[in-house]
Amino acid sequence: MIVDSRLPRLAAYAVGFVTLLMLYAVQAVPARAELRIDIFGPNPPEPMPIAIPAFSGSGADQQRGQEIASVIAADLERSGLFRIVDPNAYIQDPDSLLVGPRFADWRIINAEALVSGSVQTQGDGRLRAEFRLWDVIAETEATGQAYQTEQENWRRIAHIIADQIYERITGESGYFDTRIVYVAESGPATQRVKRLAIMDQDGANHRYLTNGDTLVLTPRFSPTTQEITFLAYYDDQPRVYLFNIDSGRRELLGNFPSMTFSPRFSPDGNSVVMSQAQGGNTDIYVMDLRTRNARRLTSNPGIDTAPSFSPDGSQIVFESDRGGSQQIYVMGAGGGGGQRISFGPGRYGSPVWSPRGDLIAFTRQHQGRFAIGIMRPDGTGERILAEAFHMEGPTWAPNGRMIMYFTEASGAGGRSARLQVVSIDGRTSWAVPTPLDGSDPAWSSLLP
């Protein structure tokens, strides 16, 4: 029996300390062109047609099997890399599929990949779920796994299965078993209530982390995904906090005498980089979380803010108006002058380094409109992915294939804000459901 190292932490998050075990793992066959999506080619790939019938189950498990298959299908379809074959066209039923696929029945409806599975409630009340991924063209099994967990964890099982299918077919890690922390907003524009909230990447399992008694801004995950750093105002004074998701414990990182903005963790989680305004100047500082000592990294006239580390921790990208307009600069992690990398029309801000290190996401404002875009770290290859009246706050999926941001609109009912996702090729976009308005999202790494 092999313990799945990604699952035990789920216990503390969802239902108390439970064990989530991988029961078996079927080794993937050698990669075949028929069951591979080339996401690194010069042109965006066409979505792969994949069939995902309801997982087989009896009694109450039948409904759970339908729900698990539905979550897997939604995850894969939203990626833009898969097209779900219409379930009304399926010829073979889920129960007979457990014996083995009739590949001709799936080829005739143009499915290239097929997912079969089953769910069963065990004697101890826990849920056992298993899946198999099939290459319909080659008539071979690609991979398969089974899990046993508490009933409440079924959605996470579905996300993990979707990640495994995604990785097997694309060769790259998925991003479905992740969480989003953001600022939930409500109330009129002059009395806006802002609370920290957390949810799965698809909007499920939503809960609030703060009660709205203070203004909160710019939440960011630690590399372990178990802590959040954020900015809060108490008695009109800005304070930077660390918040432990599991325990709910809040720790004051610093009580700064001047304005502080955009705290963000370093890749190793040992420090936080932020900007601070002193004496009419706003510069970037890094604080060691072990000693609480802060070190100044920039010293220039104007405003240096919104810093973000490169994945290897060697560089920092930030925005600055030192040249007369708001632009993006890159400097070494030890500080220094910085090199400007944005040269397009308009103002550039809120830069965030991709987890892969190959791109930087940004917000651009030009001629009264906002845009979310990407560029290489040297400033080349700039592309605009989305454009609207107002959009800000890009944050990366952990595999660097998707960007979440928030967009705002004004109407008869007042101001509204929502979370949106766009793929880095700009072809796929979808709105993330939230109970209230949402802003300032941050995307976690894959859950441990």
# chains A, B, ... in the order shown; residues from 1 in each chain; ligands from 1
call {"tool": "residues_around", "arguments": {"residues": "Pro44 in chain A", "least_positions_apart": "5", "cutoff": "9 Å", "atoms": "only C-alpha atoms", "output": "list in words"}}
result
Asp38, Ile39, Asp425 and Arg427 of chain A
call {"tool": "select_by_dssp", "arguments": {"residues": "range 36-180 of chain A", "states": "alpha helix (DSSP H)", "output": "JSON, numbers by chain"}}
result
{"A": [60, 61, 62, 63, 64, 65, 66, 67, 68, 69, 70, 71, 72, 73, 74, 75, 76, 77, 78, 94, 95, 96, 97, 103, 104, 105, 106, 107, 154, 155, 156, 157, 158, 159, 160, 161, 162, 163, 164, 165, 166, 167, 168, 169, 170]}
call {"tool": "write_last_selection", "arguments": {"atoms": "N, CA and C atoms", "output": "short mmCIF file (atom, residue, chain, number, x, y, z; two decimals), in the first residue's frame"}}
result
data_model
loop_
_atom_site.label_atom_id
_atom_site.label_comp_id
_atom_site.auth_asym_id
_atom_site.auth_seq_id
_atom_site.Cartn_x
_atom_site.Cartn_y
_atom_site.Cartn_z
N ALA A 60 -26.87 5.02 -2.82
CA ALA A 60 -26.47 6.42 -2.68
C ALA A 60 -25.18 6.73 -3.39
N ASP A 61 -24.34 5.72 -3.61
CA ASP A 61 -23.06 5.93 -4.29
C ASP A 61 -23.25 6.30 -5.76
N GLN A 62 -24.40 5.94 -6.33
CA GLN A 62 -24.63 6.26 -7.73
C GLN A 62 -24.63 7.77 -7.96
N GLN A 63 -25.30 8.52 -7.06
CA GLN A 63 -25.32 9.97 -7.17
C GLN A 63 -23.91 10.55 -6.99
N ARG A 64 -23.15 10.01 -6.04
CA ARG A 64 -21.79 10.49 -5.82
C ARG A 64 -20.93 10.23 -7.05
N GLY A 65 -21.12 9.10 -7.70
CA GLY A 65 -20.37 8.80 -8.91
C GLY A 65 -20.64 9.78 -10.02
N GLN A 66 -21.89 10.22 -10.14
CA GLN A 66 -22.23 11.23 -11.13
C GLN A 66 -21.58 12.57 -10.80
N GLU A 67 -21.56 12.91 -9.50
CA GLU A 67 -20.99 14.19 -9.08
C GLU A 67 -19.48 14.22 -9.31
N ILE A 68 -18.79 13.14 -9.01
CA ILE A 68 -17.34 13.10 -9.21
C ILE A 68 -17.00 13.24 -10.68
N ALA A 69 -17.70 12.52 -11.53
CA ALA A 69 -17.45 12.62 -12.97
C ALA A 69 -17.73 14.02 -13.47
N SER A 70 -18.76 14.66 -12.94
CA SER A 70 -19.11 16.02 -13.36
C SER A 70 -18.03 17.02 -13.00
N VAL A 71 -17.44 16.90 -11.80
CA VAL A 71 -16.38 17.82 -11.39
C VAL A 71 -15.13 17.60 -12.25
N ILE A 72 -14.78 16.36 -12.51
CA ILE A 72 -13.63 16.07 -13.37
C ILE A 72 -13.83 16.68 -14.76
N ALA A 73 -15.02 16.47 -15.33
CA ALA A 73 -15.30 16.99 -16.66
C ALA A 73 -15.24 18.52 -16.69
N ALA A 74 -15.79 19.17 -15.66
CA ALA A 74 -15.77 20.63 -15.61
C ALA A 74 -14.35 21.16 -15.50
N ASP A 75 -13.51 20.54 -14.66
CA ASP A 75 -12.12 20.95 -14.53
C ASP A 75 -11.41 20.89 -15.88
N LEU A 76 -11.51 19.75 -16.54
CA LEU A 76 -10.77 19.55 -17.79
C LEU A 76 -11.30 20.46 -18.89
N GLU A 77 -12.62 20.62 -18.96
CA GLU A 77 -13.17 21.46 -20.02
C GLU A 77 -12.77 22.92 -19.85
N ARG A 78 -12.77 23.42 -18.61
CA ARG A 78 -12.39 24.82 -18.38
C ARG A 78 -10.93 25.09 -18.73
N PRO A 94 -21.92 2.74 -17.68
CA PRO A 94 -20.82 2.74 -16.70
C PRO A 94 -20.56 1.38 -16.07
N ASP A 95 -21.60 0.60 -15.81
CA ASP A 95 -21.39 -0.69 -15.14
C ASP A 95 -20.62 -1.66 -16.03
N SER A 96 -21.00 -1.77 -17.30
CA SER A 96 -20.28 -2.69 -18.19
C SER A 96 -18.89 -2.18 -18.50
N LEU A 97 -18.70 -0.85 -18.37
CA LEU A 97 -17.39 -0.27 -18.61
C LEU A 97 -16.36 -0.75 -17.58
N PHE A 103 -13.96 -0.45 -27.19
CA PHE A 103 -13.32 0.71 -27.82
C PHE A 103 -14.04 1.17 -29.08
N ALA A 104 -14.61 0.24 -29.83
CA ALA A 104 -15.33 0.62 -31.05
C ALA A 104 -16.50 1.53 -30.72
N ASP A 105 -17.16 1.30 -29.58
CA ASP A 105 -18.29 2.14 -29.18
C ASP A 105 -17.86 3.57 -28.88
N TRP A 106 -16.63 3.73 -28.46
CA TRP A 106 -16.14 5.08 -28.13
C TRP A 106 -15.50 5.75 -29.34
N ARG A 107 -14.90 4.96 -30.22
CA ARG A 107 -14.35 5.56 -31.44
C ARG A 107 -15.45 6.10 -32.34
N TRP A 154 -14.90 14.16 -1.17
CA TRP A 154 -15.08 13.63 -2.52
C TRP A 154 -14.70 14.64 -3.60
N ARG A 155 -14.95 15.93 -3.37
CA ARG A 155 -14.62 16.92 -4.41
C ARG A 155 -13.10 16.99 -4.62
N ARG A 156 -12.35 16.89 -3.53
CA ARG A 156 -10.90 16.96 -3.71
C ARG A 156 -10.40 15.74 -4.47
N ILE A 157 -11.00 14.57 -4.23
CA ILE A 157 -10.64 13.39 -5.01
C ILE A 157 -10.86 13.66 -6.50
N ALA A 158 -11.99 14.29 -6.83
CA ALA A 158 -12.29 14.59 -8.23
C ALA A 158 -11.24 15.53 -8.82
N HIS A 159 -10.83 16.54 -8.06
CA HIS A 159 -9.82 17.48 -8.56
C HIS A 159 -8.47 16.78 -8.76
N ILE A 160 -8.12 15.89 -7.85
CA ILE A 160 -6.85 15.17 -7.98
C ILE A 160 -6.87 14.26 -9.20
N ILE A 161 -7.99 13.59 -9.43
CA ILE A 161 -8.10 12.75 -10.63
C ILE A 161 -7.98 13.60 -11.88
N ALA A 162 -8.62 14.76 -11.90
CA ALA A 162 -8.50 15.66 -13.05
C ALA A 162 -7.05 16.08 -13.26
N ASP A 163 -6.33 16.36 -12.16
CA ASP A 163 -4.91 16.71 -12.28
C ASP A 163 -4.11 15.57 -12.90
N GLN A 164 -4.40 14.34 -12.49
CA GLN A 164 -3.65 13.21 -13.02
C GLN A 164 -3.92 12.98 -14.50
N ILE A 165 -5.17 13.16 -14.91
CA ILE A 165 -5.51 13.04 -16.33
C ILE A 165 -4.81 14.14 -17.12
N TYR A 166 -4.86 15.36 -16.60
CA TYR A 166 -4.22 16.50 -17.26
C TYR A 166 -2.72 16.25 -17.43
N GLU A 167 -2.08 15.79 -16.36
CA GLU A 167 -0.63 15.57 -16.41
C GLU A 167 -0.27 14.43 -17.36
N ARG A 168 -1.05 13.35 -17.35
CA ARG A 168 -0.76 12.21 -18.22
C ARG A 168 -0.86 12.60 -19.69
N ILE A 169 -1.80 13.47 -20.04
CA ILE A 169 -2.03 13.79 -21.44
C ILE A 169 -1.21 14.99 -21.92
N THR A 170 -0.91 15.94 -21.04
CA THR A 170 -0.14 17.12 -21.45
C THR A 170 1.33 17.01 -21.10
#
call {"tool": "residues_around", "arguments": {"residues": "Asn88 in chain A", "least_positions_apart": "5", "cutoff": "12 Å", "atoms": "only C-alpha atoms", "output": "compact mmCIF listing (two decimals) with C-alpha atoms, in the first residue's frame"}}
result
# COMPACT_ATOMS: atom_id res chain seq x y z
CA ALA A 51 -15.57 10.89 -22.68
CA ILE A 52 -16.23 10.92 -18.93
CA PRO A 53 -19.24 8.76 -18.01
CA ALA A 54 -20.66 8.77 -14.48
CA ASP A 93 -23.01 2.10 -19.79
CA ILE A 109 -18.53 8.93 -31.21
call {"tool": "residues_around", "arguments": {"residues": "range 120-129 of chain A", "least_positions_apart": "6", "cutoff": "8 Å", "atoms": "only C-alpha atoms", "output": "MDAnalysis selection string"}}
result
chainID A and resid 57:58 61 146:151 154 157
call {"tool": "write_last_selection", "arguments": {"atoms": "N, CA and C atoms", "output": "mmCIF file, in the first residue's frame"}}
result
data_model
loop_
_atom_site.group_PDB
_atom_site.id
_atom_site.type_symbol
_atom_site.label_atom_id
_atom_site.label_comp_id
_atom_site.auth_asym_id
_atom_site.auth_seq_id
_atom_site.Cartn_x
_atom_site.Cartn_y
_atom_site.Cartn_z
ATOM 1 N N GLY A 57 -21.725 3.086 -9.402
ATOM 2 C CA GLY A 57 -21.982 2.951 -7.972
ATOM 3 C C GLY A 57 -23.407 2.500 -7.746
ATOM 4 N N SER A 58 -23.691 1.921 -6.608
ATOM 5 C CA SER A 58 -25.025 1.445 -6.307
ATOM 6 C C SER A 58 -25.613 2.234 -5.152
ATOM 7 N N ASP A 61 -24.343 5.718 -3.609
ATOM 8 C CA ASP A 61 -23.064 5.931 -4.291
ATOM 9 C C ASP A 61 -23.252 6.296 -5.764
ATOM 10 N N ALA A 146 -6.718 4.463 -7.235
ATOM 11 C CA ALA A 146 -7.869 4.377 -6.341
ATOM 12 C C ALA A 146 -7.546 5.094 -5.047
ATOM 13 N N TYR A 147 -8.581 5.671 -4.422
ATOM 14 C CA TYR A 147 -8.414 6.414 -3.177
ATOM 15 C C TYR A 147 -9.487 5.999 -2.183
ATOM 16 N N GLN A 148 -9.170 6.152 -0.922
ATOM 17 C CA GLN A 148 -10.147 5.947 0.145
ATOM 18 C C GLN A 148 -10.056 7.117 1.091
ATOM 19 N N THR A 149 -11.187 7.730 1.399
ATOM 20 C CA THR A 149 -11.181 8.936 2.205
ATOM 21 C C THR A 149 -12.538 9.130 2.862
ATOM 22 N N GLU A 150 -12.640 10.160 3.683
ATOM 23 C CA GLU A 150 -13.919 10.506 4.277
ATOM 24 C C GLU A 150 -14.863 11.021 3.188
ATOM 25 N N GLN A 151 -16.144 10.822 3.409
ATOM 26 C CA GLN A 151 -17.136 11.196 2.403
ATOM 27 C C GLN A 151 -17.040 12.679 2.021
ATOM 28 N N TRP A 154 -14.901 14.160 -1.169
ATOM 29 C CA TRP A 154 -15.079 13.632 -2.519
ATOM 30 C C TRP A 154 -14.704 14.635 -3.600
ATOM 31 N N ILE A 157 -10.999 14.570 -4.233
ATOM 32 C CA ILE A 157 -10.640 13.393 -5.007
ATOM 33 C C ILE A 157 -10.862 13.664 -6.500
#
call {"tool": "residues_around", "arguments": {"residues": "Thr210 in chain A", "least_positions_apart": "2", "cutoff": "10 Å", "atoms": "only C-alpha atoms", "output": "VMD selection string"}}
result
chain A and resid 183 to 184 194 to 197 207 to 208 212 to 216 248
call {"tool": "write_last_selection", "arguments": {"atoms": "N, CA and C atoms", "output": "PDB file, in the first residue's frame"}}
result
ATOM      1  N   VAL A 183     -10.561  38.785  -1.577  1.00  0.00           N
ATOM      2  CA  VAL A 183     -11.283  39.731  -0.744  1.00  0.00           C
ATOM      3  C   VAL A 183     -12.744  39.739  -1.183  1.00  0.00           C
ATOM      4  N   ALA A 184     -13.632  39.289  -0.294  1.00  0.00           N
ATOM      5  CA  ALA A 184     -15.077  39.315  -0.558  1.00  0.00           C
ATOM      6  C   ALA A 184     -15.605  40.697  -0.175  1.00  0.00           C
ATOM      7  N   LYS A 194     -15.061  44.514   3.545  1.00  0.00           N
ATOM      8  CA  LYS A 194     -14.130  43.609   2.875  1.00  0.00           C
ATOM      9  C   LYS A 194     -13.680  42.519   3.845  1.00  0.00           C
ATOM     10  N   ARG A 195     -13.884  41.263   3.441  1.00  0.00           N
ATOM     11  CA  ARG A 195     -13.514  40.118   4.265  1.00  0.00           C
ATOM     12  C   ARG A 195     -12.613  39.183   3.475  1.00  0.00           C
ATOM     13  N   LEU A 196     -11.683  38.547   4.157  1.00  0.00           N
ATOM     14  CA  LEU A 196     -10.907  37.494   3.521  1.00  0.00           C
ATOM     15  C   LEU A 196     -11.791  36.259   3.361  1.00  0.00           C
ATOM     16  N   ALA A 197     -11.704  35.620   2.202  1.00  0.00           N
ATOM     17  CA  ALA A 197     -12.456  34.401   1.949  1.00  0.00           C
ATOM     18  C   ALA A 197     -11.555  33.411   1.223  1.00  0.00           C
ATOM     19  N   ARG A 207     -15.607  29.629   2.243  1.00  0.00           N
ATOM     20  CA  ARG A 207     -15.774  30.051   3.634  1.00  0.00           C
ATOM     21  C   ARG A 207     -15.020  31.357   3.866  1.00  0.00           C
ATOM     22  N   TYR A 208     -15.461  32.115   4.873  1.00  0.00           N
ATOM     23  CA  TYR A 208     -14.849  33.393   5.211  1.00  0.00           C
ATOM     24  C   TYR A 208     -13.816  33.199   6.322  1.00  0.00           C
ATOM     25  N   GLY A 212     -15.008  40.982   8.668  1.00  0.00           N
ATOM     26  CA  GLY A 212     -15.316  42.264   8.042  1.00  0.00           C
ATOM     27  C   GLY A 212     -15.254  43.450   8.959  1.00  0.00           C
ATOM     28  N   ASP A 213     -14.778  43.275  10.206  1.00  0.00           N
ATOM     29  CA  ASP A 213     -14.716  44.407  11.127  1.00  0.00           C
ATOM     30  C   ASP A 213     -13.557  45.342  10.810  1.00  0.00           C
ATOM     31  N   THR A 214     -12.604  44.899   9.977  1.00  0.00           N
ATOM     32  CA  THR A 214     -11.503  45.758   9.542  1.00  0.00           C
ATOM     33  C   THR A 214     -11.319  45.619   8.036  1.00  0.00           C
ATOM     34  N   LEU A 215     -10.752  46.619   7.441  1.00  0.00           N
ATOM     35  CA  LEU A 215     -10.468  46.603   6.009  1.00  0.00           C
ATOM     36  C   LEU A 215      -9.273  45.698   5.736  1.00  0.00           C
ATOM     37  N   VAL A 216      -9.420  44.738   4.831  1.00  0.00           N
ATOM     38  CA  VAL A 216      -8.329  43.833   4.472  1.00  0.00           C
ATOM     39  C   VAL A 216      -8.034  43.966   2.989  1.00  0.00           C
ATOM     40  N   GLY A 248      -6.535  29.187  12.209  1.00  0.00           N
ATOM     41  CA  GLY A 248      -7.214  30.467  12.297  1.00  0.00           C
ATOM     42  C   GLY A 248      -6.430  31.503  13.087  1.00  0.00           C
TER      43      GLY A 248
END
call {"tool": "residues_around", "arguments": {"residues": "Trp134 in chain A", "least_positions_apart": "5", "cutoff": "12 Å", "atoms": "only C-alpha atoms", "output": "PDB file with C-alpha atoms, in the first residue's frame"}}
result
ATOM      1  CA  VAL A  26      -1.322   1.490 -12.460  1.00  0.00           C
ATOM      2  CA  ALA A  28       1.305   4.637 -17.350  1.00  0.00           C
ATOM      3  CA  VAL A  29       2.163   3.110 -20.682  1.00  0.00           C
ATOM      4  CA  ARG A  32       1.744   7.900 -27.441  1.00  0.00           C
ATOM      5  CA  GLU A  34      -2.626   9.616 -29.913  1.00  0.00           C
ATOM      6  CA  LEU A  35      -2.998  10.493 -26.231  1.00  0.00           C
ATOM      7  CA  ILE A  50     -12.644  12.952 -24.009  1.00  0.00           C
ATOM      8  CA  ALA A  51     -15.565  10.893 -22.680  1.00  0.00           C
ATOM      9  CA  ILE A  52     -16.229  10.919 -18.926  1.00  0.00           C
ATOM     10  CA  LEU A  97     -17.388  -0.267 -18.614  1.00  0.00           C
ATOM     11  CA  LEU A  98     -15.924  -1.657 -15.384  1.00  0.00           C
ATOM     12  CA  GLY A 100     -13.490  -3.113 -19.913  1.00  0.00           C
ATOM     13  CA  PRO A 101     -14.172  -0.581 -22.667  1.00  0.00           C
ATOM     14  CA  ARG A 102     -15.694  -1.573 -25.961  1.00  0.00           C
ATOM     15  CA  PHE A 103     -13.322   0.712 -27.816  1.00  0.00           C
ATOM     16  CA  TRP A 106     -16.137   5.077 -28.131  1.00  0.00           C
ATOM     17  CA  ARG A 107     -14.350   5.563 -31.442  1.00  0.00           C
ATOM     18  CA  ALA A 111     -13.679  10.050 -28.319  1.00  0.00           C
ATOM     19  CA  GLU A 112      -9.879   9.913 -28.222  1.00  0.00           C
ATOM     20  CA  ALA A 113      -9.669   9.444 -24.455  1.00  0.00           C
ATOM     21  CA  LEU A 114     -12.017   7.737 -22.016  1.00  0.00           C
ATOM     22  CA  VAL A 115     -12.309   7.849 -18.211  1.00  0.00           C
ATOM     23  CA  SER A 116     -14.013   5.049 -16.320  1.00  0.00           C
ATOM     24  CA  GLY A 117     -14.480   4.797 -12.581  1.00  0.00           C
ATOM     25  CA  GLU A 139      -6.946   0.539 -27.103  1.00  0.00           C
ATOM     26  CA  THR A 140      -4.695   0.645 -24.038  1.00  0.00           C
ATOM     27  CA  GLU A 141      -4.942   1.744 -20.437  1.00  0.00           C
ATOM     28  CA  ALA A 142      -2.904   4.881 -19.753  1.00  0.00           C
ATOM     29  CA  THR A 143      -3.112   5.179 -15.987  1.00  0.00           C
ATOM     30  CA  GLY A 144      -5.350   4.481 -13.022  1.00  0.00           C
ATOM     31  CA  ILE A 165      -5.509  13.044 -16.330  1.00  0.00           C
ATOM     32  CA  ARG A 168      -0.760  12.214 -18.218  1.00  0.00           C
ATOM     33  CA  ILE A 169      -2.033  13.790 -21.444  1.00  0.00           C
TER      34      ILE A 169
END
call {"tool": "closest_residue", "arguments": {"among": "A:Pro87, A:Pro351, A:Gly80, A:Gly335", "to": "Gly426 in chain A", "atoms": "only C-alpha atoms"}}
result
A:Gly80
call {"tool": "residues_around", "arguments": {"residues": "Arg83 in chain A", "least_positions_apart": "5", "cutoff": "6 Å", "atoms": "only C-alpha atoms", "output": "JSON, numbers by chain"}}
result
{"A": [47, 48, 49, 77]}
call {"tool": "closest_residue", "arguments": {"among": "A:Asn244, A:Ser429, A:Ser262, A:Gln145", "to": "Ala306 in chain A", "atoms": "only C-alpha atoms"}}
result
A:Ser262
call {"tool": "select_by_dssp", "arguments": {"residues": "range 172-397 of chain A", "states": "strand (DSSP E or B)", "output": "VMD selection string"}}
result
chain A and resid 179 to 186 193 to 200 207 to 208 215 to 221 227 to 234 237 to 244 250 to 255 260 to 265 271 to 278 281 to 288 294 to 296 303 to 309 315 to 320 327 to 332 339 to 340 347 to 353 360 to 366 369 to 375 383 to 388 390 to 396
call {"tool": "atom_distance", "arguments": {"atom1": "CA of Asp236 in chain A", "atom2": "CA of Ile303 in chain A"}}
result
21.1 Å
call {"tool": "closest_residue", "arguments": {"among": "A:Ile328, A:Phe265, A:Asn110, A:Gln201", "to": "Gly174 in chain A", "atoms": "only C-alpha atoms"}}
result
A:Gln201
call {"tool": "atom_distance", "arguments": {"atom1": "CA of Leu419 in chain A", "atom2": "CA of Glu387 in chain A"}}
result
13.9 Å
